[in-house]
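Asks: Take this structure, written in structure tokens, and hold onto it; I'll ask about it next.
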Amino acid sequence: MENQAKTNTEQKEQQLKKLSKMSLIRSLLPVVGLVVIFLLFNVLTNFRMVGNLSLVLSQVYVTMIAAIGVFFIMTMGGLDFSQGSILGIASIVVCMLSKISIPLAIVGGIAAGAAIGALNGYFYVYRKIKSFIVTICTMFLFRGFIKYLTTNAPVAGSAKLINYDSTALKMTLTIIVVVIGFIAFRFTKFGTYLKAIGAGEKAAMFSGIRTDRMKFLIYVLAGAITGFAAFINVIKVGSVTSSGGNQLETQILIALVLGGMPISGGAKVRFENIIVGSLLYIVLSSGLTMMGFTTQMMQLIQGVVFLIFVAVFADRQSLQVIK
């Protein structure tokens, strides 16, 4: 009996060590992938990527900021496919209000994003409709509004917007948002509650977390964050076309998964998934563009990479239907 007990103990220890090694490999894989892909594309493009690093990074700011809100949603087990439409509507609001005041335009963009997020949260939380269904519906709804508002011509903003188009400003704003999100997620009850809801909503409810209120506020917060990203999106060109924010939701989802984000959310998520994933996605897209690949071929390659990372990071033991 004692020998059998020892054998069982040793087997459990070996299993724990094996799981620990697998967890370490999974956490390091996105970082290794980022370094390898960056070096590979530099070699293949005769180091043009290094020479155009500021141009490459200019594409990451909006994606990284908007990904923070989606990261919070996915941590609690939900999805949001409306982020591209939120960015488009908020960008139009920013352009319109910029003619009055730039600070008012920023506040207006945040408010517009928060309002759409509240709409998503209402139907998801209080009408009990699955998050992916709600956000797909609002994606098409507000995409229609964007096309209607830009039918005759792009919605132009104030000429003063161009004055804010500097790498230093965009990088500073992005870092500020990322740092605030990191502190809130890592060092406050906010992150703990999100992980608890993602791991098990009923258990979180019984532990005293007001899950419905938390979920609603997270959708409002995600919309507000994307509304702020709209300001950075607009200052690059000073106007919004019918394609404003198009496919942002896809970019965010791919970026988060490439960064190692578990699809089912829960306790295994890491805030670093946002940073590494956003950089990895932009480096991959920019590298393929510099190599002269067509849009169709780029989508094919990105799809293959996406499937590989989903296969690696999907937690099959806790995977469930998206809430």
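Residue numbering restarts at 1 for every chain of the structure tokens, chains are lettered A, B, ... in their displayed order, and ligands are numbered from 1 as they appear.
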Can I get the residues of range 150-242 of chain A within 12 Å of range 260-264 of chain A, each with the closest pair of atoms and their distance in Å to one decimal, using only C-alpha atoms, sorted chain first then ascending number, as a Markdown table?
Replies:
```
| residue | atom | partner | partner_atom | distance |
| --- | --- | --- | --- | --- |
| A:Lys195 | CA | A:Ser264 | CA | 10.5 |
| A:Ile197 | CA | A:Ser264 | CA | 11.0 |
| A:Gly198 | CA | A:Ser264 | CA | 7.2 |
| A:Ala199 | CA | A:Ser264 | CA | 8.3 |
| A:Gly200 | CA | A:Ser264 | CA | 10.7 |
```
Asks: Suppose we keep all heavy atoms; can you now write the selection as a compact mmCIF listing (two decimals), in the first residue's frame?
Replies:
```
# COMPACT_ATOMS: atom_id res chain seq x y z
N LYS A 195 -11.22 37.50 -14.14
CA LYS A 195 -10.75 36.12 -14.23
C LYS A 195 -11.73 35.16 -13.57
O LYS A 195 -11.96 34.05 -14.06
CB LYS A 195 -9.37 36.00 -13.57
CG LYS A 195 -8.25 36.69 -14.31
CD LYS A 195 -6.94 36.52 -13.57
CE LYS A 195 -5.80 37.26 -14.27
NZ LYS A 195 -4.52 37.11 -13.53
N ILE A 197 -14.99 35.51 -13.23
CA ILE A 197 -16.17 35.36 -14.09
C ILE A 197 -15.86 34.44 -15.27
O ILE A 197 -16.66 33.59 -15.66
CB ILE A 197 -16.67 36.73 -14.59
CG1 ILE A 197 -17.18 37.57 -13.41
CG2 ILE A 197 -17.78 36.56 -15.63
CD1 ILE A 197 -17.51 39.01 -13.78
N GLY A 198 -14.67 34.60 -15.85
CA GLY A 198 -14.27 33.75 -16.97
C GLY A 198 -14.09 32.31 -16.57
O GLY A 198 -14.41 31.39 -17.33
N ALA A 199 -13.57 32.09 -15.36
CA ALA A 199 -13.34 30.72 -14.89
C ALA A 199 -14.64 30.02 -14.53
O ALA A 199 -14.79 28.81 -14.72
CB ALA A 199 -12.40 30.73 -13.70
N GLY A 200 -15.61 30.78 -14.00
CA GLY A 200 -16.89 30.18 -13.61
C GLY A 200 -17.82 31.26 -13.09
O GLY A 200 -17.63 31.74 -11.98
```
Asks: Using only C-alpha atoms, what does the table of range 113-139 of chain A residues within 8 Å of range 223-228 of chain A look like, with each row giving the shortest atom pair and its distance in Å to one decimal, sorted by chain and ascending number, as a tab-separated table?
Replies:
```
residue	atom	partner	partner_atom	distance
A:Gly113	CA	A:Gly223	CA	4.3
A:Ala114	CA	A:Ala224	CA	4.2
A:Ala115	CA	A:Gly223	CA	7.3
A:Ile116	CA	A:Gly223	CA	6.4
A:Gly117	CA	A:Gly223	CA	4.6
A:Ala118	CA	A:Gly223	CA	7.8
```
Asks: Pull N, CA and C atoms from the residues just selected and write them as a short mmCIF file (atom, residue, chain, number, x, y, z; two decimals), in the first residue's frame.
Replies:
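Here's the written file out37.cif:
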```cif
data_model
loop_
_atom_site.label_atom_id
_atom_site.label_comp_id
_atom_site.auth_asym_id
_atom_site.auth_seq_id
_atom_site.Cartn_x
_atom_site.Cartn_y
_atom_site.Cartn_z
N GLY A 113 -18.33 55.69 -28.28
CA GLY A 113 -17.91 54.30 -28.10
C GLY A 113 -18.57 53.66 -26.90
N ALA A 114 -18.63 54.41 -25.79
CA ALA A 114 -19.26 53.89 -24.57
C ALA A 114 -20.75 53.62 -24.78
N ALA A 115 -21.41 54.48 -25.56
CA ALA A 115 -22.84 54.31 -25.82
C ALA A 115 -23.12 53.01 -26.59
N ILE A 116 -22.29 52.73 -27.61
CA ILE A 116 -22.46 51.48 -28.36
C ILE A 116 -22.11 50.28 -27.48
N GLY A 117 -21.09 50.45 -26.65
CA GLY A 117 -20.74 49.38 -25.71
C GLY A 117 -21.87 49.11 -24.73
N ALA A 118 -22.55 50.17 -24.30
CA ALA A 118 -23.70 50.01 -23.39
C ALA A 118 -24.83 49.26 -24.09
#
```
Asks: Measuring atom to atom with only C-alpha atoms, identify which of A:Met49, A:Ile65, A:Val155, A:Leu104 is nearest to Leu173 in chain A.
Replies: A:Ile65
Asks: Between CA of Val237 in chain A and CA of Phe293 in chain A, what is the spacing in Å?
Replies: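 Straight-line distance from CA of Phe293 in chain A to CA of Val237 in chain A works out to 25.1 Å.
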Asks: Check the DSSP output for the backbone and give back, as number ranges by chain, the residues of range 35-280 of chain A in strand (DSSP E or B).
Replies: A: 155-156, 239-240
Asks: Considering only C-alpha atoms, return as a PyMOL selection string whatever protein or nucleic-acid residues lie within 6 Å of range 248-258 of chain A, sequence-local ones (same chain, fewer than 5 positions apart) excluded.
Replies: chain A and resi 67+81+83-84+273-274+277-278+281
Asks: Can you tell me, as a PyMOL selection string, which residues in range 119-301 of chain A count as helix (DSSP H, G or I) by DSSP?
Replies: chain A and resi 119-126+131-149+159-164+167-187+189-199+201-206+211-235+248-258+272-290+295-301
Asks: Neighbours of Ile100 in chain A within 12 Å (only C-alpha atoms; same-chain residues fewer than 6 positions away dropped), as a PyMOL selection string?
Replies: chain A and resi 93-94+106+108+157-161
Asks: Fewer than 6 positions away in the same chain doesn't count, so skip those; otherwise give me all residues within 6 Å of range 88-92 of chain A, counting only C-alpha atoms, as a list in words.
Replies: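 My reading of the contact set: Gly109, Ala112, Gly113, Gly227, Ala230, Gly244 and Gly245 of chain A.
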Asks: Could you check the closest approach to Thr45 in chain A for each of A:Ala311, A:Leu284, A:Met290, A:Gln299 and tell me which residue wins, using only C-alpha atoms?
Replies: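 That would be A:Met290, the residue with the smallest distance to Thr45 in chain A.
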Asks: So, counting only C-alpha atoms, which residue among A:Phe185, A:Val305, A:Ser243, A:Ile235 is closest to Thr75 in chain A?
Replies: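 Counting only C-alpha atoms, the residue closest to Thr75 in chain A is A:Phe185.
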Asks: For Asp212 in chain A, list every protein, DNA or RNA residue within 12 Å, evaluated using only C-alpha atoms, and leave out those in the same chain fewer than 3 positions away; present the list as a list in words.
Replies: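 My reading of the contact set: Met76, Gly121, Tyr122, Phe123, Tyr124, Val125, Tyr126, Arg127, Lys128, Tyr193, Leu194, Ile197, Glu201, Lys202, Ala204, Met205, Gly208, Ile209, Lys215, Phe216, Leu217, Ile218 and Tyr219 of chain A.
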